[in-house]
>>> print(open('model_38.pdb').read())   # PDB, C-alpha atoms
ATOM      1  CA  MET A   1      67.513 -34.554  40.924  1.00  0.00           C
ATOM      2  CA  ILE A   2      67.401 -36.418  44.217  1.00  0.00           C
ATOM      3  CA  LEU A   3      67.484 -40.160  43.701  1.00  0.00           C
ATOM      4  CA  THR A   4      64.623 -42.171  45.171  1.00  0.00           C
ATOM      5  CA  SER A   5      65.846 -45.536  43.881  1.00  0.00           C
ATOM      6  CA  THR A   6      68.786 -47.530  45.197  1.00  0.00           C
ATOM      7  CA  THR A   7      69.452 -48.934  41.715  1.00  0.00           C
ATOM      8  CA  GLU A   8      69.242 -45.765  39.619  1.00  0.00           C
ATOM      9  CA  THR A   9      72.678 -44.243  39.006  1.00  0.00           C
ATOM     10  CA  VAL A  10      74.118 -40.789  38.371  1.00  0.00           C
ATOM     11  CA  PRO A  11      77.156 -40.386  36.092  1.00  0.00           C
ATOM     12  CA  PHE A  12      80.089 -38.566  37.669  1.00  0.00           C
ATOM     13  CA  THR A  13      83.222 -37.257  35.963  1.00  0.00           C
ATOM     14  CA  PRO A  14      85.932 -35.443  37.939  1.00  0.00           C
ATOM     15  CA  PRO A  15      85.262 -31.750  37.286  1.00  0.00           C
ATOM     16  CA  TRP A  16      88.717 -30.991  35.903  1.00  0.00           C
ATOM     17  CA  LEU A  17      88.193 -33.687  33.237  1.00  0.00           C
ATOM     18  CA  GLU A  18      84.690 -32.678  32.137  1.00  0.00           C
ATOM     19  CA  GLY A  19      84.507 -32.151  28.402  1.00  0.00           C
ATOM     20  CA  THR A  20      87.708 -34.079  27.821  1.00  0.00           C
ATOM     21  CA  PRO A  21      87.370 -36.850  25.201  1.00  0.00           C
ATOM     22  CA  GLY A  22      87.548 -40.237  26.900  1.00  0.00           C
ATOM     23  CA  ALA A  23      87.142 -38.787  30.405  1.00  0.00           C
ATOM     24  CA  PRO A  24      86.301 -41.347  33.110  1.00  0.00           C
ATOM     25  CA  ILE A  25      82.671 -41.741  34.102  1.00  0.00           C
ATOM     26  CA  PHE A  26      81.689 -43.321  37.413  1.00  0.00           C
ATOM     27  CA  HIS A  27      78.107 -44.533  37.792  1.00  0.00           C
ATOM     28  CA  LEU A  28      77.151 -43.766  41.396  1.00  0.00           C
ATOM     29  CA  ARG A  29      74.009 -44.644  43.293  1.00  0.00           C
ATOM     30  CA  ALA A  30      72.338 -43.632  46.533  1.00  0.00           C
ATOM     31  CA  GLY A  31      72.049 -46.582  48.897  1.00  0.00           C
ATOM     32  CA  SER A  32      69.208 -47.448  51.227  1.00  0.00           C
ATOM     33  CA  THR A  33      69.078 -46.142  54.781  1.00  0.00           C
ATOM     34  CA  ILE A  34      70.431 -49.472  55.998  1.00  0.00           C
ATOM     35  CA  GLU A  35      73.280 -49.391  53.472  1.00  0.00           C
ATOM     36  CA  ARG A  36      74.182 -45.889  54.585  1.00  0.00           C
ATOM     37  CA  GLY A  37      74.158 -47.068  58.196  1.00  0.00           C
ATOM     38  CA  GLN A  38      76.388 -50.008  57.304  1.00  0.00           C
ATOM     39  CA  MET A  39      78.876 -47.632  55.687  1.00  0.00           C
ATOM     40  CA  CYS A  40      78.911 -45.398  58.756  1.00  0.00           C
ATOM     41  CA  ALA A  41      79.231 -48.403  61.059  1.00  0.00           C
ATOM     42  CA  GLN A  42      82.236 -49.629  59.082  1.00  0.00           C
ATOM     43  CA  LEU A  43      83.910 -46.223  59.360  1.00  0.00           C
ATOM     44  CA  ASP A  44      83.060 -45.746  63.031  1.00  0.00           C
ATOM     45  CA  GLY A  45      83.855 -49.288  64.123  1.00  0.00           C
ATOM     46  CA  PRO A  46      86.444 -51.523  62.435  1.00  0.00           C
ATOM     47  CA  LEU A  47      88.172 -48.675  60.590  1.00  0.00           C
ATOM     48  CA  GLN A  48      88.281 -46.368  63.660  1.00  0.00           C
ATOM     49  CA  ALA A  49      87.442 -43.398  61.476  1.00  0.00           C
ATOM     50  CA  ALA A  50      84.434 -41.881  63.242  1.00  0.00           C
ATOM     51  CA  LYS A  51      83.702 -38.221  62.662  1.00  0.00           C
ATOM     52  CA  VAL A  52      85.520 -35.894  65.066  1.00  0.00           C
ATOM     53  CA  TRP A  53      83.275 -33.124  66.368  1.00  0.00           C
ATOM     54  CA  SER A  54      84.510 -29.611  67.009  1.00  0.00           C
ATOM     55  CA  HIS A  55      83.847 -29.713  70.746  1.00  0.00           C
ATOM     56  CA  GLN A  56      85.994 -32.854  71.054  1.00  0.00           C
ATOM     57  CA  LEU A  57      88.909 -31.217  69.289  1.00  0.00           C
ATOM     58  CA  ARG A  58      88.648 -27.968  71.241  1.00  0.00           C
ATOM     59  CA  GLU A  59      88.430 -29.683  74.603  1.00  0.00           C
ATOM     60  CA  ALA A  60      91.512 -31.740  73.739  1.00  0.00           C
ATOM     61  CA  GLN A  61      93.383 -28.594  72.685  1.00  0.00           C
ATOM     62  CA  LEU A  62      92.482 -26.710  75.833  1.00  0.00           C
ATOM     63  CA  SER A  63      93.156 -29.620  78.172  1.00  0.00           C
ATOM     64  CA  GLY A  64      96.568 -29.997  76.553  1.00  0.00           C
ATOM     65  CA  ILE A  65      97.255 -26.302  77.069  1.00  0.00           C
ATOM     66  CA  ASP A  66      96.252 -26.682  80.722  1.00  0.00           C
ATOM     67  CA  LYS A  67      98.683 -29.532  81.162  1.00  0.00           C
ATOM     68  CA  LEU A  68     101.629 -28.406  79.040  1.00  0.00           C
ATOM     69  CA  PHE A  69     101.500 -24.609  79.349  1.00  0.00           C
ATOM     70  CA  ALA A  70     100.025 -24.009  82.808  1.00  0.00           C
ATOM     71  CA  GLU A  71     103.157 -22.178  83.989  1.00  0.00           C
ATOM     72  CA  ASP A  72     103.882 -20.480  80.681  1.00  0.00           C
ATOM     73  CA  PRO A  73     103.657 -16.649  80.644  1.00  0.00           C
ATOM     74  CA  GLU A  74     101.555 -16.952  77.470  1.00  0.00           C
ATOM     75  CA  TYR A  75      99.006 -19.287  79.092  1.00  0.00           C
ATOM     76  CA  ASP A  76      96.129 -16.788  79.212  1.00  0.00           C
ATOM     77  CA  ARG A  77      96.799 -15.704  75.651  1.00  0.00           C
ATOM     78  CA  LEU A  78      96.770 -19.308  74.471  1.00  0.00           C
ATOM     79  CA  VAL A  79      93.444 -20.013  76.158  1.00  0.00           C
ATOM     80  CA  ALA A  80      91.990 -16.883  74.546  1.00  0.00           C
ATOM     81  CA  LEU A  81      93.329 -17.775  71.097  1.00  0.00           C
ATOM     82  CA  PHE A  82      92.089 -21.359  71.173  1.00  0.00           C
ATOM     83  CA  SER A  83      88.712 -20.168  72.501  1.00  0.00           C
ATOM     84  CA  ALA A  84      88.145 -17.552  69.794  1.00  0.00           C
ATOM     85  CA  GLU A  85      85.343 -17.957  67.290  1.00  0.00           C
ATOM     86  CA  GLY A  86      83.324 -15.866  64.869  1.00  0.00           C
ATOM     87  CA  ASP A  87      84.466 -12.253  64.655  1.00  0.00           C
ATOM     88  CA  GLU A  88      87.155 -12.866  67.271  1.00  0.00           C
ATOM     89  CA  ALA A  89      88.696 -15.625  65.189  1.00  0.00           C
ATOM     90  CA  GLU A  90      88.515 -13.507  62.038  1.00  0.00           C
ATOM     91  CA  ALA A  91      90.335 -10.680  63.834  1.00  0.00           C
ATOM     92  CA  LEU A  92      93.351 -12.797  64.804  1.00  0.00           C
ATOM     93  CA  THR A  93      96.667 -11.348  63.687  1.00  0.00           C
ATOM     94  CA  ASP A  94      99.327 -13.148  61.691  1.00  0.00           C
ATOM     95  CA  ASP A  95     101.353 -13.517  64.896  1.00  0.00           C
ATOM     96  CA  ASP A  96      98.331 -15.063  66.613  1.00  0.00           C
ATOM     97  CA  ARG A  97      97.871 -17.561  63.816  1.00  0.00           C
ATOM     98  CA  LYS A  98     101.548 -18.432  63.789  1.00  0.00           C
ATOM     99  CA  LEU A  99     101.431 -19.073  67.534  1.00  0.00           C
ATOM    100  CA  ILE A 100      98.331 -21.254  67.142  1.00  0.00           C
ATOM    101  CA  GLU A 101     100.109 -23.301  64.481  1.00  0.00           C
ATOM    102  CA  GLN A 102     103.219 -23.722  66.628  1.00  0.00           C
ATOM    103  CA  VAL A 103     101.243 -24.755  69.709  1.00  0.00           C
ATOM    104  CA  THR A 104      99.066 -27.109  67.650  1.00  0.00           C
ATOM    105  CA  ASN A 105     102.185 -28.873  66.398  1.00  0.00           C
ATOM    106  CA  LEU A 106     103.420 -29.222  69.975  1.00  0.00           C
ATOM    107  CA  LEU A 107     100.067 -30.622  71.071  1.00  0.00           C
ATOM    108  CA  VAL A 108     100.194 -33.220  68.298  1.00  0.00           C
ATOM    109  CA  GLN A 109     103.642 -34.275  69.480  1.00  0.00           C
ATOM    110  CA  HIS A 110     103.135 -34.162  73.248  1.00  0.00           C
ATOM    111  CA  TRP A 111      99.419 -34.441  74.088  1.00  0.00           C
ATOM    112  CA  PRO A 112      98.091 -37.926  73.201  1.00  0.00           C
ATOM    113  CA  ASP A 113      94.397 -37.037  73.508  1.00  0.00           C
ATOM    114  CA  PHE A 114      94.760 -34.400  70.802  1.00  0.00           C
ATOM    115  CA  ALA A 115      97.147 -36.466  68.673  1.00  0.00           C
ATOM    116  CA  ASP A 116      94.672 -39.352  68.644  1.00  0.00           C
ATOM    117  CA  LEU A 117      91.878 -37.094  67.365  1.00  0.00           C
ATOM    118  CA  VAL A 118      94.090 -35.648  64.637  1.00  0.00           C
ATOM    119  CA  ALA A 119      95.055 -39.166  63.547  1.00  0.00           C
ATOM    120  CA  GLN A 120      91.382 -40.151  63.533  1.00  0.00           C
ATOM    121  CA  MET A 121      90.530 -37.160  61.339  1.00  0.00           C
ATOM    122  CA  GLN A 122      93.256 -38.133  58.899  1.00  0.00           C
ATOM    123  CA  ARG A 123      92.041 -41.737  58.773  1.00  0.00           C
ATOM    124  CA  ARG A 124      88.566 -40.480  57.971  1.00  0.00           C
ATOM    125  CA  ARG A 125      89.804 -38.224  55.164  1.00  0.00           C
ATOM    126  CA  GLU A 126      91.593 -41.145  53.581  1.00  0.00           C
ATOM    127  CA  LEU A 127      88.945 -43.820  54.112  1.00  0.00           C
ATOM    128  CA  VAL A 128      85.639 -42.041  53.416  1.00  0.00           C
ATOM    129  CA  PRO A 129      86.081 -41.885  49.623  1.00  0.00           C
ATOM    130  CA  ILE A 130      87.442 -45.442  49.430  1.00  0.00           C
ATOM    131  CA  VAL A 131      84.614 -46.971  51.476  1.00  0.00           C
ATOM    132  CA  ALA A 132      81.913 -44.942  49.716  1.00  0.00           C
ATOM    133  CA  LEU A 133      83.147 -45.700  46.199  1.00  0.00           C
ATOM    134  CA  THR A 134      83.535 -49.386  47.043  1.00  0.00           C
ATOM    135  CA  ARG A 135      79.923 -49.588  48.214  1.00  0.00           C
ATOM    136  CA  PHE A 136      78.079 -47.198  45.922  1.00  0.00           C
ATOM    137  CA  CYS A 137      79.752 -47.380  42.517  1.00  0.00           C
ATOM    138  CA  ALA A 138      77.704 -49.576  40.172  1.00  0.00           C
ATOM    139  CA  GLY A 139      80.075 -49.356  37.206  1.00  0.00           C
ATOM    140  CA  TRP A 140      82.436 -47.094  35.288  1.00  0.00           C
ATOM    141  CA  GLU A 141      83.632 -46.195  31.814  1.00  0.00           C
ATOM    142  CA  ASN A 142      86.969 -44.954  30.471  1.00  0.00           C
ATOM    143  CA  VAL A 143      88.756 -45.459  33.792  1.00  0.00           C
ATOM    144  CA  ARG A 144      92.509 -45.845  33.336  1.00  0.00           C
ATOM    145  CA  ASP A 145      95.402 -46.508  35.680  1.00  0.00           C
ATOM    146  CA  VAL A 146      98.525 -44.356  36.022  1.00  0.00           C
ATOM    147  CA  ALA A 147     100.089 -46.185  33.060  1.00  0.00           C
ATOM    148  CA  GLY A 148      97.125 -45.275  30.876  1.00  0.00           C
ATOM    149  CA  GLU A 149      95.824 -48.843  30.726  1.00  0.00           C
ATOM    150  CA  PRO A 150      92.055 -49.424  30.906  1.00  0.00           C
ATOM    151  CA  VAL A 151      90.742 -50.624  34.275  1.00  0.00           C
ATOM    152  CA  PRO A 152      87.819 -53.047  33.812  1.00  0.00           C
ATOM    153  CA  PHE A 153      85.046 -52.683  36.358  1.00  0.00           C
ATOM    154  CA  GLU A 154      84.706 -55.697  38.613  1.00  0.00           C
ATOM    155  CA  ALA A 155      82.387 -56.425  41.544  1.00  0.00           C
ATOM    156  CA  ASP A 156      83.050 -58.873  44.345  1.00  0.00           C
ATOM    157  CA  ARG A 157      80.570 -61.425  45.727  1.00  0.00           C
ATOM    158  CA  ASN A 158      79.033 -58.741  47.994  1.00  0.00           C
ATOM    159  CA  GLY A 159      78.287 -56.483  45.038  1.00  0.00           C
ATOM    160  CA  HIS A 160      81.023 -54.025  46.034  1.00  0.00           C
ATOM    161  CA  VAL A 161      83.817 -52.861  43.754  1.00  0.00           C
ATOM    162  CA  ALA A 162      86.535 -55.513  43.824  1.00  0.00           C
ATOM    163  CA  ASP A 163      89.741 -54.341  45.470  1.00  0.00           C
ATOM    164  CA  ARG A 164      91.943 -55.426  42.569  1.00  0.00           C
ATOM    165  CA  ALA A 165      89.968 -53.070  40.299  1.00  0.00           C
ATOM    166  CA  LEU A 166      89.663 -50.235  42.797  1.00  0.00           C
ATOM    167  CA  ARG A 167      93.360 -50.103  43.656  1.00  0.00           C
ATOM    168  CA  ARG A 168      94.207 -49.406  39.997  1.00  0.00           C
ATOM    169  CA  VAL A 169      91.997 -46.287  39.859  1.00  0.00           C
ATOM    170  CA  GLN A 170      94.095 -43.128  39.857  1.00  0.00           C
ATOM    171  CA  GLU A 171      94.183 -41.429  43.249  1.00  0.00           C
ATOM    172  CA  LEU A 172      92.544 -38.118  42.323  1.00  0.00           C
ATOM    173  CA  ASP A 173      89.801 -39.851  40.339  1.00  0.00           C
ATOM    174  CA  LEU A 174      89.091 -42.140  43.305  1.00  0.00           C
ATOM    175  CA  LEU A 175      89.084 -39.213  45.727  1.00  0.00           C
ATOM    176  CA  ALA A 176      86.649 -37.146  43.657  1.00  0.00           C
ATOM    177  CA  ALA A 177      84.265 -39.963  42.799  1.00  0.00           C
ATOM    178  CA  GLY A 178      84.391 -41.421  46.307  1.00  0.00           C
ATOM    179  CA  ASN A 179      83.624 -38.131  47.998  1.00  0.00           C
ATOM    180  CA  CYS A 180      80.723 -37.573  45.609  1.00  0.00           C
ATOM    181  CA  ALA A 181      79.421 -41.076  46.384  1.00  0.00           C
ATOM    182  CA  TYR A 182      79.621 -40.302  50.109  1.00  0.00           C
ATOM    183  CA  ALA A 183      77.758 -37.000  49.710  1.00  0.00           C
ATOM    184  CA  MET A 184      75.004 -38.726  47.741  1.00  0.00           C
ATOM    185  CA  GLN A 185      74.174 -40.901  50.742  1.00  0.00           C
ATOM    186  CA  PHE A 186      73.091 -37.732  52.558  1.00  0.00           C
ATOM    187  CA  GLY A 187      71.150 -36.205  49.671  1.00  0.00           C
ATOM    188  CA  ALA A 188      73.992 -34.053  48.362  1.00  0.00           C
ATOM    189  CA  GLY A 189      76.126 -34.176  45.247  1.00  0.00           C
ATOM    190  CA  GLU A 190      73.348 -35.376  42.921  1.00  0.00           C
ATOM    191  CA  GLU A 191      72.245 -32.150  41.281  1.00  0.00           C
ATOM    192  CA  LYS A 192      75.448 -31.024  39.622  1.00  0.00           C
ATOM    193  CA  ASN A 193      78.875 -32.276  38.796  1.00  0.00           C
ATOM    194  CA  SER A 194      80.916 -29.101  38.689  1.00  0.00           C
ATOM    195  CA  GLU A 195      83.136 -28.698  41.724  1.00  0.00           C
ATOM    196  CA  ARG A 196      86.138 -30.634  43.011  1.00  0.00           C
ATOM    197  CA  PRO A 197      84.906 -32.415  46.154  1.00  0.00           C
ATOM    198  CA  SER A 198      86.501 -31.835  49.521  1.00  0.00           C
ATOM    199  CA  SER A 199      89.175 -34.334  50.430  1.00  0.00           C
ATOM    200  CA  SER A 200      87.675 -34.846  53.855  1.00  0.00           C
ATOM    201  CA  GLU A 201      83.932 -35.195  53.935  1.00  0.00           C
ATOM    202  CA  GLY A 202      82.816 -35.081  50.355  1.00  0.00           C
ATOM    203  CA  GLY A 203      80.735 -31.975  50.917  1.00  0.00           C
ATOM    204  CA  GLN A 204      79.048 -33.304  54.034  1.00  0.00           C
ATOM    205  CA  THR A 205      79.738 -30.575  56.562  1.00  0.00           C
ATOM    206  CA  THR A 206      77.975 -29.174  59.593  1.00  0.00           C
ATOM    207  CA  SER A 207      78.755 -26.390  62.029  1.00  0.00           C
ATOM    208  CA  GLU A 208      79.695 -28.987  64.654  1.00  0.00           C
ATOM    209  CA  GLU A 209      82.363 -30.819  62.666  1.00  0.00           C
ATOM    210  CA  ALA A 210      85.943 -30.405  63.747  1.00  0.00           C
ATOM    211  CA  ALA A 211      87.898 -27.759  61.912  1.00  0.00           C
ATOM    212  CA  PRO A 212      91.504 -28.382  60.886  1.00  0.00           C
ATOM    213  CA  PRO A 213      93.614 -28.672  64.053  1.00  0.00           C
ATOM    214  CA  ALA A 214      95.389 -25.337  63.616  1.00  0.00           C
ATOM    215  CA  LYS A 215      92.129 -23.396  63.571  1.00  0.00           C
ATOM    216  CA  ALA A 216      90.971 -21.898  66.815  1.00  0.00           C
ATOM    217  CA  GLY A 217      87.539 -22.566  68.218  1.00  0.00           C
ATOM    218  CA  LYS A 218      85.482 -21.973  71.318  1.00  0.00           C
ATOM    219  CA  SER A 219      85.066 -24.608  73.959  1.00  0.00           C
ATOM    220  CA  LYS A 220      81.475 -24.678  75.182  1.00  0.00           C
ATOM    221  CA  GLY A 221      80.851 -23.924  78.818  1.00  0.00           C
ATOM    222  CA  ARG A 222      84.479 -23.189  79.641  1.00  0.00           C
ATOM    223  CA  ALA A 223      85.766 -20.171  81.504  1.00  0.00           C
ATOM    224  CA  GLY A 224      89.197 -18.654  81.031  1.00  0.00           C
ATOM    225  CA  ALA A 225      90.566 -19.844  84.345  1.00  0.00           C
ATOM    226  CA  LYS A 226      92.884 -22.828  84.537  1.00  0.00           C
ATOM    227  CA  THR A 227      91.444 -26.268  85.108  1.00  0.00           C
ATOM    228  CA  ARG A 228      93.069 -29.586  85.728  1.00  0.00           C
ATOM    229  CA  ALA A 229      93.732 -31.663  82.614  1.00  0.00           C
TER     230      ALA A 229
END
>>> encode(input="model_38.pdb", output="structure tokens")
Amino acid sequence: MILTSTTETVPFTPPWLEGTPGAPIFHLRAGSTIERGQMCAQLDGPLQAAKVWSHQLREAQLSGIDKLFAEDPEYDRLVALFSAEGDEAEALTDDDRKLIEQVTNLLVQHWPDFADLVAQMQRRRELVPIVALTRFCAGWENVRDVAGEPVPFEADRNGHVADRALRRVQELDLLAAGNCAYAMQFGAGEEKNSERPSSSEGGQTTSEEAAPPAKAGKSKGRAGAKTRA
């Protein structure tokens, strides 16, 4: 069922608690197009948690390699590894993957352009479920805090979940329900309630989203030769 009303709700229980007596139930709704835009604007603007696209991450990786490893004997290998995709990426050896991980860690430490993108990705992972649940949860049942005490639902003057109620929700419950609420704004997550949502985008993925930093990818329109950072 795809919701066509901004007031109709869908019950959501974290998958690992389904069938458990007294399991929490979050009543989630799909917002209007404007509400969805307001959520995205909040993430992209004040919270500095805009989506990082794969080409941004790859260009930052490769520019960092140009700057930090230009004179390294492994330079050409590094460019090839961080430019691999598809079958080439699948064929990488364990040594290749270990090298990618090591170089990625160095880039995070010593190449600010890449470090900033990684930090932005982490902010988004943390904030997407919080912002979405705050905006698109219309009520809940059987929600308890870490001490096992009931958490009454409470809305603020804007109709969003009040912070003093939300901050008592257990972390995994918030993460699952929030990611489902986010996915619902894009027409996903409404038909079944059976899988643990992703901790990053709540099921909202495209081929252009940034992969985890240690994963290699191809930089569009880039040759193997060195370029200035």
>>> resolve_selection(input="model_38.pdb", expression="the PyMOL selection byres ((chain A and resi 50) around 12)", output="list in words")
Met39, Cys40, Ala41, Gln42, Leu43, Asp44, Gly45, Pro46, Leu47, Gln48, Ala49, Lys51, Val52, Trp53, Asp116, Leu117, Val118, Ala119, Gln120, Met121, Gln122, Arg123, Arg124, Arg125, Leu127, Val128, Glu201, Glu209 and Ala210 of chain A
>>> atom_distance(input="model_38.pdb", atom1="CA of Val108 in chain A", atom2="CA of Glu88 in chain A")
24.2 Å
>>> closest_residue(input="model_38.pdb", among="A:Leu57, A:Thr134, A:Arg77, A:Asp113", to="His27 in chain A", atoms="all atoms listed in the file")
A:Thr134
>>> atom_distance(input="model_38.pdb", atom1="CA of Gln38 in chain A", atom2="CA of Ile25 in chain A")
25.4 Å
>>> resolve_selection(input="model_38.pdb", expression="the PyMOL selection byres ((chain A and resi 178) around 6)", output="MDAnalysis selection string")
chainID A and resid 129:130 132:133 174:177 179:181
>>> decode(input="model_38.pdb", residues="range 13-22 of chain A", atoms="all heavy atoms", output="PDB file, in the first residue's frame")
ATOM      1  N   THR A  13       6.878  -1.783  13.559  1.00  0.00           N
ATOM      2  CA  THR A  13       7.562  -2.397  14.689  1.00  0.00           C
ATOM      3  C   THR A  13       8.938  -2.842  14.217  1.00  0.00           C
ATOM      4  O   THR A  13       9.048  -3.446  13.136  1.00  0.00           O
ATOM      5  CB  THR A  13       6.781  -3.613  15.222  1.00  0.00           C
ATOM      6  OG1 THR A  13       5.533  -3.176  15.753  1.00  0.00           O
ATOM      7  CG2 THR A  13       7.565  -4.341  16.311  1.00  0.00           C
ATOM      8  N   PRO A  14       9.995  -2.568  14.955  1.00  0.00           N
ATOM      9  CA  PRO A  14      11.313  -3.064  14.545  1.00  0.00           C
ATOM     10  C   PRO A  14      11.253  -4.555  14.255  1.00  0.00           C
ATOM     11  O   PRO A  14      10.685  -5.319  15.053  1.00  0.00           O
ATOM     12  CB  PRO A  14      12.192  -2.750  15.766  1.00  0.00           C
ATOM     13  CG  PRO A  14      11.550  -1.537  16.376  1.00  0.00           C
ATOM     14  CD  PRO A  14      10.067  -1.759  16.196  1.00  0.00           C
ATOM     15  N   PRO A  15      11.788  -4.989  13.119  1.00  0.00           N
ATOM     16  CA  PRO A  15      11.612  -6.371  12.676  1.00  0.00           C
ATOM     17  C   PRO A  15      11.997  -7.414  13.703  1.00  0.00           C
ATOM     18  O   PRO A  15      11.356  -8.460  13.805  1.00  0.00           O
ATOM     19  CB  PRO A  15      12.497  -6.452  11.428  1.00  0.00           C
ATOM     20  CG  PRO A  15      12.580  -5.053  10.932  1.00  0.00           C
ATOM     21  CD  PRO A  15      12.537  -4.179  12.144  1.00  0.00           C
ATOM     22  N   TRP A  16      13.071  -7.168  14.462  1.00  0.00           N
ATOM     23  CA  TRP A  16      13.532  -8.167  15.418  1.00  0.00           C
ATOM     24  C   TRP A  16      12.611  -8.280  16.628  1.00  0.00           C
ATOM     25  O   TRP A  16      12.770  -9.180  17.444  1.00  0.00           O
ATOM     26  CB  TRP A  16      14.953  -7.855  15.862  1.00  0.00           C
ATOM     27  CG  TRP A  16      15.130  -6.500  16.481  1.00  0.00           C
ATOM     28  CD1 TRP A  16      15.061  -6.183  17.798  1.00  0.00           C
ATOM     29  CD2 TRP A  16      15.401  -5.278  15.792  1.00  0.00           C
ATOM     30  NE1 TRP A  16      15.263  -4.836  17.990  1.00  0.00           N
ATOM     31  CE2 TRP A  16      15.480  -4.253  16.769  1.00  0.00           C
ATOM     32  CE3 TRP A  16      15.596  -4.953  14.453  1.00  0.00           C
ATOM     33  CZ2 TRP A  16      15.739  -2.925  16.439  1.00  0.00           C
ATOM     34  CZ3 TRP A  16      15.846  -3.624  14.132  1.00  0.00           C
ATOM     35  CH2 TRP A  16      15.914  -2.639  15.104  1.00  0.00           C
ATOM     36  N   LEU A  17      11.616  -7.371  16.735  1.00  0.00           N
ATOM     37  CA  LEU A  17      10.670  -7.421  17.848  1.00  0.00           C
ATOM     38  C   LEU A  17       9.276  -7.843  17.400  1.00  0.00           C
ATOM     39  O   LEU A  17       8.365  -7.963  18.230  1.00  0.00           O
ATOM     40  CB  LEU A  17      10.584  -6.042  18.525  1.00  0.00           C
ATOM     41  CG  LEU A  17      11.852  -5.572  19.241  1.00  0.00           C
ATOM     42  CD1 LEU A  17      11.667  -4.156  19.775  1.00  0.00           C
ATOM     43  CD2 LEU A  17      12.221  -6.521  20.383  1.00  0.00           C
ATOM     44  N   GLU A  18       9.090  -8.077  16.110  1.00  0.00           N
ATOM     45  CA  GLU A  18       7.777  -8.470  15.607  1.00  0.00           C
ATOM     46  C   GLU A  18       7.333  -9.778  16.253  1.00  0.00           C
ATOM     47  O   GLU A  18       8.101 -10.726  16.370  1.00  0.00           O
ATOM     48  CB  GLU A  18       7.808  -8.631  14.088  1.00  0.00           C
ATOM     49  CG  GLU A  18       7.803  -7.311  13.356  1.00  0.00           C
ATOM     50  CD  GLU A  18       7.720  -7.501  11.852  1.00  0.00           C
ATOM     51  OE1 GLU A  18       7.940  -8.634  11.395  1.00  0.00           O
ATOM     52  OE2 GLU A  18       7.468  -6.522  11.152  1.00  0.00           O
ATOM     53  N   GLY A  19       6.084  -9.805  16.662  1.00  0.00           N
ATOM     54  CA  GLY A  19       5.548 -10.997  17.311  1.00  0.00           C
ATOM     55  C   GLY A  19       5.815 -11.072  18.797  1.00  0.00           C
ATOM     56  O   GLY A  19       5.303 -11.964  19.480  1.00  0.00           O
ATOM     57  N   THR A  20       6.618 -10.150  19.299  1.00  0.00           N
ATOM     58  CA  THR A  20       6.908 -10.118  20.728  1.00  0.00           C
ATOM     59  C   THR A  20       5.784  -9.404  21.464  1.00  0.00           C
ATOM     60  O   THR A  20       5.399  -8.294  21.070  1.00  0.00           O
ATOM     61  CB  THR A  20       8.237  -9.377  20.997  1.00  0.00           C
ATOM     62  OG1 THR A  20       9.275 -10.019  20.256  1.00  0.00           O
ATOM     63  CG2 THR A  20       8.566  -9.392  22.479  1.00  0.00           C
ATOM     64  N   PRO A  21       5.236 -10.004  22.534  1.00  0.00           N
ATOM     65  CA  PRO A  21       4.187  -9.306  23.295  1.00  0.00           C
ATOM     66  C   PRO A  21       4.686  -7.953  23.807  1.00  0.00           C
ATOM     67  O   PRO A  21       5.794  -7.843  24.330  1.00  0.00           O
ATOM     68  CB  PRO A  21       3.911 -10.267  24.461  1.00  0.00           C
ATOM     69  CG  PRO A  21       4.318 -11.615  23.949  1.00  0.00           C
ATOM     70  CD  PRO A  21       5.509 -11.354  23.065  1.00  0.00           C
ATOM     71  N   GLY A  22       3.888  -6.927  23.632  1.00  0.00           N
ATOM     72  CA  GLY A  22       4.263  -5.600  24.101  1.00  0.00           C
ATOM     73  C   GLY A  22       5.328  -4.918  23.277  1.00  0.00           C
ATOM     74  O   GLY A  22       5.959  -3.971  23.749  1.00  0.00           O
TER      75      GLY A  22
END
